[in-house]
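Pasting protein-v5.csv here (CSV, N, CA and C atoms):
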```csv
chain,number,residue,atom,x,y,z
W,1,MET,N,58.1,128.1,119.3
W,1,MET,CA,59.5,127.8,119.2
W,1,MET,C,60.2,128.1,120.5
W,2,THR,N,59.9,129.2,121.2
W,2,THR,CA,60.5,129.6,122.5
W,2,THR,C,60.2,128.5,123.5
W,3,LEU,N,58.9,128.0,123.5
W,3,LEU,CA,58.5,127.0,124.5
W,3,LEU,C,59.3,125.8,124.3
W,4,LYS,N,59.5,125.3,123.1
W,4,LYS,CA,60.3,124.1,122.8
W,4,LYS,C,61.8,124.3,123.2
W,5,ILE,N,62.3,125.5,123.0
W,5,ILE,CA,63.7,125.7,123.4
W,5,ILE,C,63.8,125.8,124.9
W,6,ASN,N,62.9,126.4,125.6
W,6,ASN,CA,62.9,126.4,127.0
W,6,ASN,C,62.8,125.0,127.6
W,7,SER,N,61.9,124.2,127.0
W,7,SER,CA,61.7,122.9,127.5
W,7,SER,C,63.0,122.1,127.3
W,8,LEU,N,63.6,122.2,126.1
W,8,LEU,CA,64.9,121.5,125.9
W,8,LEU,C,65.9,122.0,126.9
W,9,ASN,N,66.0,123.3,127.1
W,9,ASN,CA,67.0,123.8,128.1
W,9,ASN,C,66.7,123.2,129.5
W,10,ASN,N,65.5,123.2,129.9
W,10,ASN,CA,65.1,122.6,131.2
W,10,ASN,C,65.5,121.1,131.3
W,11,GLU,N,65.2,120.4,130.2
W,11,GLU,CA,65.6,119.0,130.2
W,11,GLU,C,67.1,118.8,130.2
W,12,LEU,N,67.8,119.6,129.5
W,12,LEU,CA,69.2,119.5,129.4
W,12,LEU,C,69.8,119.8,130.8
W,13,THR,N,69.3,120.8,131.4
W,13,THR,CA,69.7,121.2,132.8
W,13,THR,C,69.5,120.1,133.7
W,14,ARG,N,68.3,119.5,133.7
W,14,ARG,CA,68.0,118.4,134.6
W,14,ARG,C,68.9,117.1,134.3
W,15,PHE,N,69.1,116.9,133.0
W,15,PHE,CA,69.9,115.8,132.5
W,15,PHE,C,71.3,116.0,133.1
W,16,ILE,N,71.9,117.2,133.0
W,16,ILE,CA,73.2,117.4,133.5
W,16,ILE,C,73.3,117.2,135.0
W,17,LEU,N,72.2,117.7,135.7
W,17,LEU,CA,72.2,117.4,137.2
W,17,LEU,C,72.1,115.9,137.5
W,18,VAL,N,71.3,115.2,136.8
W,18,VAL,CA,71.2,113.8,137.0
W,18,VAL,C,72.5,113.1,136.6
W,19,GLY,N,73.1,113.6,135.5
W,19,GLY,CA,74.4,113.1,135.1
W,19,GLY,C,75.5,113.3,136.2
W,20,GLY,N,75.4,114.5,136.8
W,20,GLY,CA,76.4,114.7,137.9
W,20,GLY,C,76.2,113.8,139.1
W,21,MET,N,74.9,113.6,139.4
W,21,MET,CA,74.6,112.6,140.5
W,21,MET,C,75.0,111.2,140.1
W,22,ASN,N,74.8,110.8,138.9
W,22,ASN,CA,75.1,109.5,138.4
W,22,ASN,C,76.7,109.3,138.4
W,23,THR,N,77.3,110.4,138.0
W,23,THR,CA,78.8,110.3,137.9
W,23,THR,C,79.3,110.2,139.4
W,24,LEU,N,78.8,110.9,140.3
W,24,LEU,CA,79.2,110.7,141.7
W,24,LEU,C,78.9,109.3,142.2
W,25,ASN,N,77.7,108.8,141.9
W,25,ASN,CA,77.4,107.4,142.3
W,25,ASN,C,78.4,106.4,141.7
W,26,TYR,N,78.6,106.6,140.4
W,26,TYR,CA,79.6,105.7,139.7
W,26,TYR,C,80.9,105.8,140.4
W,27,TYR,N,81.4,107.0,140.6
W,27,TYR,CA,82.8,107.2,141.1
W,27,TYR,C,83.0,106.7,142.5
W,28,ILE,N,82.0,106.8,143.3
W,28,ILE,CA,82.0,106.3,144.7
W,28,ILE,C,82.1,104.8,144.6
W,29,VAL,N,81.3,104.1,143.8
W,29,VAL,CA,81.4,102.7,143.7
W,29,VAL,C,82.7,102.3,143.1
W,30,PHE,N,83.1,103.0,142.0
W,30,PHE,CA,84.4,102.7,141.4
W,30,PHE,C,85.6,102.7,142.4
W,31,LEU,N,85.7,103.8,143.2
W,31,LEU,CA,86.7,104.0,144.1
W,31,LEU,C,86.7,102.9,145.2
W,32,PHE,N,85.5,102.6,145.7
W,32,PHE,CA,85.3,101.6,146.7
W,32,PHE,C,85.8,100.3,146.2
W,33,LEU,N,85.3,99.9,145.1
W,33,LEU,CA,85.7,98.5,144.5
W,33,LEU,C,87.2,98.5,144.2
W,34,HIS,N,87.7,99.6,143.5
W,34,HIS,CA,89.1,99.6,143.0
W,34,HIS,C,90.1,99.7,144.2
W,35,ASN,N,89.8,100.7,145.0
W,35,ASN,CA,90.8,101.0,146.1
W,35,ASN,C,90.7,100.2,147.4
W,36,LEU,N,89.4,100.0,147.8
W,36,LEU,CA,89.2,99.3,149.1
W,36,LEU,C,89.1,97.8,148.9
W,37,LEU,N,88.5,97.3,147.8
W,37,LEU,CA,88.3,95.9,147.6
W,37,LEU,C,89.3,95.3,146.6
W,38,ASN,N,90.2,96.2,146.1
W,38,ASN,CA,91.2,95.8,145.1
W,38,ASN,C,90.8,95.1,143.8
W,39,PHE,N,89.6,95.6,143.3
W,39,PHE,CA,89.1,95.1,142.0
W,39,PHE,C,90.0,95.7,141.0
W,40,HIS,N,90.3,95.0,139.9
W,40,HIS,CA,91.0,95.6,138.7
W,40,HIS,C,90.2,96.8,138.3
W,41,TYR,N,90.9,97.8,137.8
W,41,TYR,CA,90.2,99.1,137.5
W,41,TYR,C,89.1,98.9,136.5
W,42,MET,N,89.2,97.9,135.5
W,42,MET,CA,88.1,97.8,134.5
W,42,MET,C,86.9,97.1,135.1
W,43,ALA,N,87.1,96.1,136.0
W,43,ALA,CA,86.0,95.4,136.7
W,43,ALA,C,85.3,96.5,137.6
W,44,ALA,N,86.0,97.3,138.3
W,44,ALA,CA,85.4,98.3,139.1
W,44,ALA,C,84.6,99.4,138.2
W,45,HIS,N,85.2,99.7,137.1
W,45,HIS,CA,84.6,100.6,136.1
W,45,HIS,C,83.2,100.0,135.7
W,46,ILE,N,83.2,98.8,135.2
W,46,ILE,CA,82.0,98.2,134.7
W,46,ILE,C,80.9,98.0,135.8
W,47,ALA,N,81.3,97.6,137.0
W,47,ALA,CA,80.4,97.4,138.2
W,47,ALA,C,79.8,98.8,138.6
W,48,GLY,N,80.6,99.8,138.6
W,48,GLY,CA,80.2,101.1,139.0
W,48,GLY,C,79.2,101.6,137.9
W,49,PHE,N,79.5,101.4,136.7
W,49,PHE,CA,78.6,101.8,135.6
W,49,PHE,C,77.2,101.1,135.7
W,50,LEU,N,77.2,99.8,135.9
W,50,LEU,CA,75.9,99.1,136.0
W,50,LEU,C,75.1,99.6,137.2
W,51,ILE,N,75.7,99.8,138.3
W,51,ILE,CA,74.9,100.3,139.5
W,51,ILE,C,74.4,101.7,139.2
W,52,SER,N,75.2,102.6,138.7
W,52,SER,CA,74.7,103.9,138.4
W,52,SER,C,73.7,103.9,137.3
W,53,PHE,N,73.8,103.0,136.4
W,53,PHE,CA,72.9,102.9,135.3
W,53,PHE,C,71.4,102.7,135.7
W,54,VAL,N,71.2,101.8,136.7
W,54,VAL,CA,69.8,101.5,137.2
W,54,VAL,C,69.3,102.8,137.9
W,55,ILE,N,70.2,103.4,138.7
W,55,ILE,CA,69.8,104.7,139.3
W,55,ILE,C,69.4,105.7,138.3
W,56,SER,N,70.2,105.8,137.2
W,56,SER,CA,70.0,106.8,136.1
W,56,SER,C,68.7,106.6,135.5
W,57,PHE,N,68.3,105.4,135.2
W,57,PHE,CA,67.0,105.2,134.6
W,57,PHE,C,65.8,105.8,135.4
W,58,PHE,N,65.8,105.6,136.7
W,58,PHE,CA,64.7,106.1,137.5
W,58,PHE,C,64.8,107.7,137.6
W,59,LEU,N,66.0,108.2,137.8
W,59,LEU,CA,66.2,109.6,137.9
W,59,LEU,C,65.8,110.3,136.6
W,60,ASN,N,66.2,109.7,135.5
W,60,ASN,CA,65.8,110.3,134.2
W,60,ASN,C,64.3,110.2,133.8
W,61,THR,N,63.7,109.1,134.2
W,61,THR,CA,62.3,109.1,133.9
W,61,THR,C,61.5,110.0,134.8
W,62,TYR,N,61.7,110.0,136.1
W,62,TYR,CA,60.9,110.8,137.0
W,62,TYR,C,61.3,112.3,137.0
W,63,PHE,N,62.6,112.6,136.9
W,63,PHE,CA,63.1,113.9,137.1
W,63,PHE,C,63.4,114.6,135.8
W,64,THR,N,64.2,114.0,135.0
W,64,THR,CA,64.7,114.7,133.8
W,64,THR,C,63.6,114.9,132.8
W,65,TYR,N,62.9,113.8,132.4
W,65,TYR,CA,62.0,113.9,131.3
W,65,TYR,C,60.5,113.8,131.8
W,66,LYS,N,60.3,113.6,133.1
W,66,LYS,CA,59.0,113.5,133.7
W,66,LYS,C,58.0,112.6,133.0
W,67,VAL,N,58.5,111.4,132.8
W,67,VAL,CA,57.7,110.4,132.1
W,67,VAL,C,57.6,109.2,133.1
W,68,LYS,N,56.6,108.4,132.8
W,68,LYS,CA,56.3,107.2,133.6
W,68,LYS,C,57.3,106.1,133.2
W,69,PRO,N,58.0,105.5,134.2
W,69,PRO,CA,58.9,104.4,133.9
W,69,PRO,C,58.1,103.2,133.5
W,70,THR,N,58.5,102.5,132.5
W,70,THR,CA,57.8,101.3,132.1
W,70,THR,C,58.8,100.2,131.9
W,71,LEU,N,58.4,99.0,131.9
W,71,LEU,CA,59.3,97.8,131.7
W,71,LEU,C,59.9,98.0,130.3
W,72,LYS,N,59.1,98.4,129.3
W,72,LYS,CA,59.6,98.5,127.9
W,72,LYS,C,60.7,99.6,127.9
W,73,LYS,N,60.5,100.7,128.5
W,73,LYS,CA,61.5,101.8,128.6
W,73,LYS,C,62.8,101.3,129.3
W,74,PHE,N,62.6,100.6,130.4
W,74,PHE,CA,63.7,100.0,131.1
W,74,PHE,C,64.5,99.1,130.3
W,75,LEU,N,63.8,98.3,129.5
W,75,LEU,CA,64.5,97.3,128.6
W,75,LEU,C,65.2,98.0,127.5
W,76,GLN,N,64.7,99.1,127.0
W,76,GLN,CA,65.3,99.9,125.9
W,76,GLN,C,66.4,100.8,126.4
W,77,PHE,N,66.3,101.2,127.7
W,77,PHE,CA,67.2,102.1,128.3
W,77,PHE,C,68.7,101.7,128.1
W,78,PRO,N,69.0,100.5,128.1
W,78,PRO,CA,70.5,100.1,127.9
W,78,PRO,C,71.0,100.6,126.5
W,79,LEU,N,70.1,100.7,125.6
W,79,LEU,CA,70.6,101.3,124.3
W,79,LEU,C,71.2,102.6,124.4
W,80,THR,N,70.7,103.4,125.4
W,80,THR,CA,71.3,104.7,125.7
W,80,THR,C,72.7,104.7,126.2
W,81,GLN,N,73.0,103.5,126.7
W,81,GLN,CA,74.3,103.4,127.4
W,81,GLN,C,75.3,102.6,126.6
W,82,VAL,N,74.9,101.9,125.5
W,82,VAL,CA,75.8,101.1,124.7
W,82,VAL,C,77.0,101.9,124.2
W,83,VAL,N,76.7,103.1,123.6
W,83,VAL,CA,77.8,104.0,123.1
W,83,VAL,C,78.6,104.5,124.3
W,84,ASN,N,77.8,104.9,125.4
W,84,ASN,CA,78.4,105.5,126.6
W,84,ASN,C,79.5,104.5,127.2
W,85,VAL,N,79.1,103.3,127.5
W,85,VAL,CA,80.0,102.4,128.1
W,85,VAL,C,81.1,101.9,127.1
W,86,GLY,N,80.8,101.8,125.9
W,86,GLY,CA,81.8,101.4,124.9
W,86,GLY,C,82.9,102.5,124.8
W,87,VAL,N,82.5,103.7,124.5
W,87,VAL,CA,83.4,104.8,124.4
W,87,VAL,C,84.2,105.1,125.7
W,88,SER,N,83.4,105.1,126.8
W,88,SER,CA,84.1,105.4,128.1
W,88,SER,C,85.1,104.3,128.4
W,89,SER,N,84.7,103.0,128.1
W,89,SER,CA,85.7,101.9,128.4
W,89,SER,C,86.9,102.0,127.6
W,90,ILE,N,86.8,102.3,126.3
W,90,ILE,CA,87.9,102.4,125.4
W,90,ILE,C,88.8,103.6,125.9
W,91,LEU,N,88.1,104.7,126.3
W,91,LEU,CA,88.9,105.9,126.7
W,91,LEU,C,89.6,105.6,128.0
W,92,VAL,N,89.0,104.9,129.0
W,92,VAL,CA,89.6,104.5,130.2
W,92,VAL,C,90.8,103.6,129.9
W,93,PHE,N,90.7,102.7,129.1
W,93,PHE,CA,91.8,101.8,128.7
W,93,PHE,C,92.9,102.6,128.1
W,94,VAL,N,92.6,103.4,127.1
W,94,VAL,CA,93.7,104.2,126.5
W,94,VAL,C,94.4,105.1,127.5
W,95,LEU,N,93.6,105.8,128.3
W,95,LEU,CA,94.2,106.7,129.3
W,95,LEU,C,95.1,106.0,130.3
W,96,VAL,N,94.7,104.8,130.7
W,96,VAL,CA,95.4,104.1,131.8
W,96,VAL,C,96.6,103.3,131.2
W,97,ASP,N,96.2,102.4,130.2
W,97,ASP,CA,97.2,101.5,129.7
W,97,ASP,C,98.2,102.1,128.7
W,98,LEU,N,97.7,103.0,127.8
W,98,LEU,CA,98.5,103.5,126.8
W,98,LEU,C,99.2,104.9,127.1
W,99,LEU,N,98.4,105.7,127.9
W,99,LEU,CA,99.0,107.0,128.3
W,99,LEU,C,99.4,107.1,129.7
W,100,SER,N,99.3,106.0,130.4
W,100,SER,CA,99.8,105.9,131.8
W,100,SER,C,99.2,106.9,132.8
W,101,LEU,N,97.9,107.3,132.5
W,101,LEU,CA,97.2,108.2,133.4
W,101,LEU,C,96.8,107.4,134.7
W,102,ASN,N,96.7,108.1,135.8
W,102,ASN,CA,96.2,107.4,137.0
W,102,ASN,C,94.8,106.8,136.8
W,103,SER,N,94.6,105.6,137.2
W,103,SER,CA,93.3,104.9,137.0
W,103,SER,C,92.2,105.5,137.8
W,104,ASN,N,92.5,106.3,138.8
W,104,ASN,CA,91.4,107.0,139.5
W,104,ASN,C,90.9,108.2,138.8
W,105,ILE,N,91.7,108.8,137.9
W,105,ILE,CA,91.4,110.0,137.2
W,105,ILE,C,90.8,109.7,135.8
W,106,ALA,N,91.2,108.7,135.2
W,106,ALA,CA,90.8,108.4,133.8
W,106,ALA,C,89.3,108.3,133.6
W,107,PRO,N,88.5,107.7,134.5
W,107,PRO,CA,87.0,107.7,134.3
W,107,PRO,C,86.4,109.0,134.3
W,108,LEU,N,86.9,110.0,135.1
W,108,LEU,CA,86.3,111.3,135.1
W,108,LEU,C,86.6,112.0,133.8
W,109,ILE,N,87.7,111.8,133.2
W,109,ILE,CA,88.0,112.4,131.9
W,109,ILE,C,87.1,111.8,130.8
W,110,ALA,N,86.9,110.5,130.9
W,110,ALA,CA,86.1,109.8,129.9
W,110,ALA,C,84.6,110.4,129.8
W,111,VAL,N,84.1,110.7,131.0
W,111,VAL,CA,82.7,111.2,131.1
W,111,VAL,C,82.4,112.4,130.2
W,112,PHE,N,83.4,113.3,130.1
W,112,PHE,CA,83.1,114.5,129.3
W,112,PHE,C,82.9,114.2,127.9
W,113,PHE,N,83.4,113.1,127.4
W,113,PHE,CA,83.2,112.8,126.0
W,113,PHE,C,81.9,112.1,125.7
W,114,THR,N,81.3,111.5,126.7
W,114,THR,CA,80.1,110.7,126.4
W,114,THR,C,78.8,111.4,126.7
W,115,VAL,N,78.8,112.5,127.4
W,115,VAL,CA,77.5,113.2,127.9
W,115,VAL,C,76.6,113.6,126.7
W,116,PRO,N,77.1,114.4,125.7
W,116,PRO,CA,76.2,114.9,124.7
W,116,PRO,C,75.5,113.8,123.9
W,117,VAL,N,76.2,112.8,123.5
W,117,VAL,CA,75.5,111.7,122.8
W,117,VAL,C,74.5,111.0,123.6
W,118,THR,N,74.8,110.8,124.9
W,118,THR,CA,73.9,110.1,125.8
W,118,THR,C,72.6,110.9,126.0
W,119,PHE,N,72.7,112.2,126.1
W,119,PHE,CA,71.5,113.0,126.2
W,119,PHE,C,70.6,112.8,125.0
W,120,ILE,N,71.1,112.9,123.8
W,120,ILE,CA,70.2,112.8,122.7
W,120,ILE,C,69.6,111.4,122.6
W,121,VAL,N,70.3,110.3,122.8
W,121,VAL,CA,69.8,109.0,122.7
W,121,VAL,C,68.8,108.7,123.8
W,122,THR,N,69.1,109.2,125.0
W,122,THR,CA,68.2,109.0,126.2
W,122,THR,C,66.9,109.7,125.9
W,123,SER,N,66.9,110.9,125.4
W,123,SER,CA,65.7,111.7,125.2
W,123,SER,C,64.8,110.9,124.2
W,124,LYS,N,65.4,110.4,123.1
W,124,LYS,CA,64.6,109.7,122.1
W,124,LYS,C,63.9,108.5,122.7
W,125,ILE,N,64.6,107.7,123.5
W,125,ILE,CA,64.0,106.5,124.0
W,125,ILE,C,63.0,106.7,125.1
W,126,LEU,N,63.3,107.6,126.1
W,126,LEU,CA,62.4,107.8,127.2
W,126,LEU,C,61.2,108.6,126.8
W,127,LYS,N,61.2,109.4,125.8
W,127,LYS,CA,60.1,110.3,125.5
W,127,LYS,C,59.2,109.7,124.4
W,128,GLN,N,59.5,108.5,123.9
W,128,GLN,CA,58.7,108.0,122.8
W,128,GLN,C,57.3,107.6,123.3
```

Encoded form (structure tokens):
Amino acid sequence: MTLKINSLNNELTRFILVGGMNTLNYYIVFLFLHNLLNFHYMAAHIAGFLISFVISFFLNTYFTYKVKPTLKKFLQFPLTQVVNVGVSSILVFVLVDLLSLNSNIAPLIAVFFTVPVTFIVTSKILKQ
């Protein structure tokens, strides 16, 4: 039991580290597209998400779960993000359009709501 808990804690720690790196990747792309290239905030949000998504797959397979990346896992990996992108997109929209929050801050707030669910779904897909 202790070994399983330690393993889960190590995976969760690595997942959070990878998530932090992915959030940074996403946010850099988002700010670049939104502020420098004048993309609409939602277009910049989706583009940043897609780019960080591919990076996330490889970081999670090699580093977080220490499994071999396969085409099958790569094709299933988007399932881990369906809820993530859906919920985060709705939250970004609500925060910006309905609550008038700054569009540069809204994506950071949305991330905190999507991390726990994404960890569970990612673990199930990549470790199968």

One residue among W:Ser89, W:Asn22, W:Ser100, W:Gln76 is nearest to W:Met42 when using all atoms listed in the file, and that residue is W:Ser89

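Note that the spacing between atom CA of W:Arg14 and atom CA of W:Thr64 amounts to 5.0 Å.
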
Considering only C-alpha atoms, return as a VMD selection string whatever protein or nucleic-acid residues lie within 9 Å of W:Ile125, sequence-local ones (same chain, fewer than 3 positions apart) excluded.
chain W and resid 73 76 to 77 79 to 80 120 to 122 128

Requested in this report: Would you please extract all alpha helix (DSSP H) residues from stretch 10-120 of chain W, as assigned by DSSP on the backbone, and give them as a PyMOL selection string?
Outcome: chain W and resi 10-31+41-59+71-76+78-93+106-120

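Atom CA of W:Val54 lies 15.1 Å from atom CA of W:Ile28.
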